[in-house]
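Raw structure_28.txt, compact mmCIF, C-alpha atoms:
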# COMPACT_ATOMS: atom_id res chain seq x y z
CA MET A 1 -83.30 117.80 109.01
CA THR A 2 -85.52 114.91 107.89
CA LYS A 3 -86.03 111.66 109.74
CA ARG A 4 -83.82 109.85 107.23
CA ASN A 5 -80.93 112.25 107.86
CA LYS A 6 -81.30 111.82 111.63
CA PHE A 7 -81.21 108.02 111.23
CA THR A 8 -78.09 108.20 109.08
CA PHE A 9 -76.40 110.40 111.68
CA LEU A 10 -77.24 107.94 114.48
CA LYS A 11 -75.99 105.05 112.39
CA ASN A 12 -72.71 106.87 111.76
CA THR A 13 -72.38 107.73 115.46
CA THR A 14 -72.93 104.08 116.34
CA ASN A 15 -70.24 103.10 113.88
CA ILE A 16 -67.84 105.63 115.38
CA PHE A 17 -68.47 104.26 118.87
CA LEU A 18 -67.98 100.73 117.58
CA ILE A 19 -64.64 101.69 116.02
CA LEU A 20 -63.58 103.33 119.31
CA TYR A 21 -64.66 100.22 121.22
CA VAL A 22 -62.60 97.96 118.96
CA CYS A 23 -59.55 100.23 119.27
CA MET A 24 -59.81 100.50 123.05
CA THR A 25 -60.23 96.75 123.61
CA PHE A 26 -57.40 96.03 121.18
CA PHE A 27 -54.96 98.40 122.88
CA PHE A 28 -55.93 97.20 126.36
CA SER A 29 -55.47 93.56 125.34
CA MET A 30 -52.08 94.37 123.78
CA ASN A 31 -51.07 96.12 127.02
CA GLN A 32 -51.98 92.99 128.98
CA PHE A 33 -50.13 90.78 126.49
CA TYR A 34 -47.05 93.02 126.77
CA LYS A 35 -47.11 92.67 130.57
CA TYR A 36 -47.63 88.91 130.23
CA TYR A 37 -44.71 88.66 127.82
CA ILE A 38 -42.38 90.76 129.99
CA ILE A 39 -43.16 88.99 133.26
CA ASN A 40 -43.12 85.56 131.61
CA MET A 41 -39.44 86.14 130.75
CA ASN A 42 -38.65 86.80 134.44
CA LEU A 43 -39.90 83.50 135.86
CA ASP A 44 -36.46 81.93 136.03
CA LYS A 45 -35.28 83.38 139.37
CA SER A 46 -37.40 84.07 142.42
CA ILE A 47 -36.59 87.06 144.61
CA ASP A 48 -35.90 87.51 148.31
CA TYR A 49 -38.52 89.83 149.74
CA ILE A 50 -39.88 90.96 153.07
CA PHE A 51 -43.43 89.87 153.80
CA ILE A 52 -45.48 92.70 155.34
CA LYS A 53 -49.09 91.51 155.52
CA LYS A 54 -51.87 89.73 153.68
CA GLU A 55 -55.37 90.96 153.01
CA ILE A 56 -58.61 90.04 151.30
CA LYS A 57 -60.28 92.70 149.17
CA LYS A 58 -64.01 92.14 148.84
CA GLY A 59 -66.17 93.79 146.25
CA GLY A 60 -68.17 93.07 143.16
CA ARG A 61 -68.72 89.41 142.47
CA GLY A 62 -66.00 88.01 144.68
CA SER A 63 -62.85 88.67 146.56
CA SER A 64 -59.19 89.01 145.71
CA HIS A 65 -56.29 87.87 147.82
CA LEU A 66 -53.32 90.18 148.13
CA ILE A 67 -50.04 90.09 149.94
CA ASN A 68 -48.06 93.22 150.68
CA VAL A 69 -44.32 92.79 150.31
CA SER A 70 -41.24 94.96 150.35
CA TYR A 71 -38.52 94.52 147.75
CA ASN A 72 -35.61 96.93 147.19
CA GLN A 73 -37.09 99.34 149.76
CA LYS A 74 -40.36 99.60 147.78
CA LYS A 75 -43.75 98.22 148.74
CA TYR A 76 -45.74 96.11 146.29
CA ASN A 77 -49.19 94.52 146.33
CA VAL A 78 -49.10 91.06 144.80
CA SER A 79 -52.23 89.13 143.92
CA VAL A 80 -52.18 85.45 144.84
CA THR A 81 -54.60 82.56 144.71
CA GLU A 82 -56.81 81.67 147.65
CA ASP A 83 -54.80 78.49 148.17
CA THR A 84 -51.52 80.42 148.35
CA TYR A 85 -53.14 82.95 150.67
CA TYR A 86 -54.02 80.25 153.21
CA LYS A 87 -50.65 78.49 152.80
CA ILE A 88 -49.05 81.66 154.17
CA GLU A 89 -50.89 81.05 157.47
CA ARG A 90 -49.16 77.66 157.65
CA GLY A 91 -45.79 79.31 157.11
CA GLU A 92 -45.31 78.50 153.42
CA ILE A 93 -44.04 81.68 151.77
CA PRO A 94 -44.73 81.77 148.01
CA ASP A 95 -42.09 82.34 145.35
CA LEU A 96 -42.32 85.83 143.91
CA PHE A 97 -40.60 87.29 140.89
CA TYR A 98 -39.55 90.76 139.80
CA SER A 99 -39.58 92.49 136.43
CA LYS A 100 -37.17 95.40 136.35
CA LYS A 101 -38.51 96.60 133.01
CA ILE A 102 -42.01 97.36 134.34
CA ASP A 103 -41.07 97.54 138.06
CA LEU A 104 -43.49 94.83 139.13
CA VAL A 105 -43.36 92.08 141.74
CA PHE A 106 -45.64 89.19 140.81
CA SER A 107 -46.49 85.58 141.56
CA LYS A 108 -47.00 82.73 139.11
CA TRP A 109 -50.71 83.47 139.43
CA GLY A 110 -50.04 86.99 138.13
CA VAL A 111 -48.68 85.55 134.89
CA ARG A 112 -51.83 83.50 134.32
CA GLN A 113 -53.98 86.46 135.34
CA TYR A 114 -52.45 88.76 132.70
CA PHE A 115 -52.86 86.07 130.06
CA ARG A 116 -56.50 85.47 130.97
CA ILE A 117 -57.27 89.19 130.81
CA PHE A 118 -55.56 89.32 127.40
CA VAL A 119 -57.69 86.42 126.09
CA VAL A 120 -60.94 87.99 127.31
CA PHE A 121 -60.24 91.40 125.80
CA ILE A 122 -58.88 90.07 122.52
CA SER A 123 -62.16 88.11 122.28
CA PHE A 124 -64.09 91.37 122.80
CA THR A 125 -61.96 92.93 120.07
CA ILE A 126 -62.68 90.11 117.62
CA ILE A 127 -66.41 90.26 118.34
CA GLY A 128 -66.37 94.03 117.82
CA LEU A 129 -64.48 93.60 114.55
CA LEU A 130 -66.98 91.03 113.30
CA ILE A 131 -69.88 93.36 114.11
CA LEU A 132 -68.06 96.24 112.41
CA VAL A 133 -67.39 94.17 109.27
CA TYR A 134 -71.04 93.08 109.20
CA LYS A 135 -72.18 96.70 109.47
CA ILE A 136 -69.76 97.83 106.75
CA LYS A 137 -70.92 95.06 104.40
CA GLY A 138 -74.54 96.08 105.03
CA PHE A 139 -73.70 99.73 104.46
CA LEU A 140 -71.90 98.90 101.18
CA LYS A 141 -74.87 96.83 99.96
CA ILE A 142 -77.25 99.73 100.66
CA SER A 143 -75.00 102.30 99.01
CA LYS A 144 -74.59 100.21 95.82
CA LYS A 145 -78.35 100.14 95.24
Write out the structure in this file as structure tokens.
Amino acid sequence: MTKRNKFTFLKNTTNIFLILYVCMTFFFSMNQFYKYYIINMNLDKSIDYIFIKKEIKKGGRGSSHLINVSYNQKKYNVSVTEDTYYKIERGEIPDLFYSKKIDLVFSKWGVRQYFRIFVVFISFTIIGLLILVYKIKGFLKISKK
């Protein structure tokens, strides 16, 4: 195998990984959008739930604030904002909502969180597509010569 053949193989492998990257980010972003869409339709009526406890998960770059609740004899972890987390100490219980379709208890923050994740990953998908189109155009120019 010559050096030129090895280079072509690596270029093709890179393109394959780029295609996989675009597909994975696209499907993950669509999953987040689906969850956002489903839970956004269930914001009309808050649920009655049993508050169990609240906790702060630390790791990575920051911390996340969770409350553990029980609804319909099932336990759920619900992510909330820091402000909501500390309002619970003052006795203000947040409104939570339930989606029967995906069996999820969520807060209003959860809706925004799913949308933000969707926007970030759809941006990664678009960037990956632009790089892929650029590589394909370059490959077509080389192959025409």
- Using only C-alpha atoms, collect all residues at a distance of at most 10 Å from (-40.3, 87.3, 131.8) as written in the file, then present them as number ranges by chain. A: 35-45, 97-101, 111
Kindly indicate which residue among A:Gln73, A:Gly138, A:Glu92, A:Leu129 lies nearest to Ile19 (chain A), using only C-alpha atoms for the distances.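 Using only C-alpha atoms, the shortest distance to Ile19 (chain A) belongs to A:Leu129.
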Query - Straight-line distance linking CA of Gly91 (chain A) with CA of Tyr76 (chain A), stated in Å to one decimal - result: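 Between CA of Gly91 (chain A) and CA of Tyr76 (chain A) the gap works out to 20.0 Å.
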**Prompt:** Between CA of Phe27 (chain A) and CA of Lys75 (chain A), what is the spacing in Å?
**Reply:**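 CA of Phe27 (chain A) lies 28.2 Å from CA of Lys75 (chain A).
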- request: Determine, counting all atoms listed in the file, which protein, DNA and RNA residues have an atom within 12 Å of an atom of Gln113 (chain A); residues of the same chain fewer than 3 positions away are not included. Present the result as a PyMOL selection string.
  value: chain A and resi 32-33+35-36+39-40+64+78-81+106-110+116-120
A straight line from CA of Ile67 (chain A) to CA of Ile50 (chain A) spans 10.7 Å
